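Engineer: Pasting a structure below so you can have a look.
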Amino acid sequence: DDLTNKDGTEDRKMDLVLTKLDDILSRLERIEAIVNTEGSLSPKSTGRFVKSRAKNTSIIDMIKAQDAENQELNLHFYDNEYHVLPQEWILPRLSFEGLMLFWYLGDHNAGVPPLIKVAGTEFKHIPRGVRKRSDMKYLMKHAERKAKELGCYIENVDDWTPDLVRNLFAKTRQYFEYPNKSSAQTKFDKLSWETVCHNLRRNKGLLVGE
């Protein structure tokens, strides 16, 4: 038969394609069933979901690892994908303390999870969102390393509370208050987190006193 190699190579390739297709369809059915019945992921599962998406792994690997948690996080479907950030959500202008609150606590009323759990790819619908997420991570990385030195960092992300975040800010802020020779120095509390990040990068990641 001219259409098939003598060793059956083409037949084996077709069998492999059909097997893969069956597997994909099965996964899609399972995803649809879970979303229809549950419609949400726990914070811990959401963390796995976001990291899995960043590595282009399958959503099913994370969904089947769902944990029973007290808090639940709804997924949002747009652009033919499930997302953890609402499509209509836009990152507001935040101070450094405000960023910390969003980073560890998110905004429950707006359906926004702690930003520490959200991958940069989830910010694509926001103007310059991926870059902003990168800057957030850079800034918070340095805040966290200083907090660990000071003994005020909480390793378990789900254990953060507003008071703990404010305590983190109160103890670390002085290390981000770079001297400003301008007579019109803006009060640190009024600076946007982006300005703080810019100052940090300008100082090559060195905090005050380092």
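To be explicit about the labels: the chains of the structure tokens are called A, B, and onward in the order shown, and within each one the residues are counted from 1, while ligands get numbers from 1 in the order they are shown.
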What's around range 137-146 of chain A at 7 Å? Count only C-alpha atoms, leave out sequence neighbours fewer than 5 positions away in its own chain, and write the answer as a PDB file with N, CA and C atoms, in the first residue's frame.

Structural biologist:
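Result file follows (result35.pdb):
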```pdb
ATOM      1  N   TYR A 153       8.831  38.628  58.939  1.00  0.00           N
ATOM      2  CA  TYR A 153       8.267  38.066  57.709  1.00  0.00           C
ATOM      3  C   TYR A 153       7.495  36.792  58.017  1.00  0.00           C
ATOM      4  N   THR A 172      10.058  48.194  57.767  1.00  0.00           N
ATOM      5  CA  THR A 172      10.987  48.181  56.628  1.00  0.00           C
ATOM      6  C   THR A 172      11.055  49.500  55.869  1.00  0.00           C
ATOM      7  N   CYS A 197      10.184  51.905  43.685  1.00  0.00           N
ATOM      8  CA  CYS A 197      10.884  50.886  42.897  1.00  0.00           C
ATOM      9  C   CYS A 197      11.949  51.531  42.009  1.00  0.00           C
TER      10      CYS A 197
END
```

Engineer: Which residues come within 8 Å of Glu97 in chain A, counting only C-alpha atoms, excluding same-chain residues fewer than 6 positions away, as a VMD selection string?

Structural biologist: chain A and resid 166 169 189 193

Engineer: So how many Å separate CA of Ser95 in chain A and CA of His76 in chain A, to one decimal?

Structural biologist: 27.1 Å

Engineer: Would you list the contacts of Trp160 in chain A as a list in words, taking every protein, DNA or RNA residue within 12 Å and counting only C-alpha atoms, but skipping same-chain residues closer than 5 positions in sequence?

Structural biologist: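 That gives Met100, Leu101, Phe102, Trp103, Tyr104, Leu105, Gly106, Pro114, Ile116, Cys152, Tyr153, Ile154, Glu155, Val165, Arg166, Asn167 and Leu168 of chain A.
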
Engineer: Now that the selection is made, can you save its residues with C-alpha atoms as a short mmCIF file (atom, residue, chain, number, x, y, z; two decimals), in the first residue's frame?

Structural biologist:
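File written: out.cif
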```cif
data_model
loop_
_atom_site.label_atom_id
_atom_site.label_comp_id
_atom_site.auth_asym_id
_atom_site.auth_seq_id
_atom_site.Cartn_x
_atom_site.Cartn_y
_atom_site.Cartn_z
CA MET A 100 2.09 45.51 50.29
CA LEU A 101 -1.59 45.14 51.21
CA PHE A 102 -2.48 44.09 47.66
CA TRP A 103 0.58 41.83 47.46
CA TYR A 104 -0.29 39.75 50.50
CA LEU A 105 -4.07 40.22 50.80
CA GLY A 106 -5.44 41.18 47.39
CA PRO A 114 -3.07 38.26 46.73
CA ILE A 116 2.01 37.38 45.21
CA CYS A 152 8.85 40.18 60.81
CA TYR A 153 8.27 38.07 57.71
CA ILE A 154 5.49 35.45 57.54
CA GLU A 155 6.45 32.49 55.38
CA VAL A 165 1.26 43.79 56.60
CA ARG A 166 1.17 47.23 58.21
CA ASN A 167 3.74 46.05 60.74
CA LEU A 168 5.93 44.86 57.86
#
```

Engineer: Under the rule that only C-alpha atoms are counted, which of A:Thr121, A:Val196, A:Tyr175, A:Leu85 is the nearest residue to Glu210 in chain A?

Structural biologist: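 Among the listed residues, the smallest separation from Glu210 in chain A belongs to A:Tyr175.
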
Engineer: Fewer than 6 positions away in the same chain doesn't count, so skip those; otherwise give me all residues within 9 Å of Ile126 in chain A, counting only C-alpha atoms, as number ranges by chain.

Structural biologist: A: 87, 89-91

Engineer: Please produce a file of those selected residues containing N, CA, C and O atoms, as a compact mmCIF listing (two decimals), in the first residue's frame.

Structural biologist:
```
# COMPACT_ATOMS: atom_id res chain seq x y z
N GLN A 87 -11.45 40.52 34.33
CA GLN A 87 -11.08 41.23 33.11
C GLN A 87 -11.19 42.73 33.27
O GLN A 87 -10.40 43.49 32.72
N TRP A 89 -10.72 44.45 35.97
CA TRP A 89 -9.89 45.01 37.04
C TRP A 89 -8.66 45.71 36.48
O TRP A 89 -7.95 45.17 35.63
N ILE A 90 -8.43 46.92 36.94
CA ILE A 90 -7.25 47.68 36.57
C ILE A 90 -6.47 48.01 37.84
O ILE A 90 -7.06 48.42 38.84
N LEU A 91 -5.17 47.83 37.80
CA LEU A 91 -4.33 48.11 38.96
C LEU A 91 -4.44 49.58 39.35
O LEU A 91 -4.13 50.46 38.55
```

Engineer: In Å, rounded to a single decimal, give me how far CA of Val118 in chain A is from CA of His83 in chain A.

Structural biologist: 9.6 Å
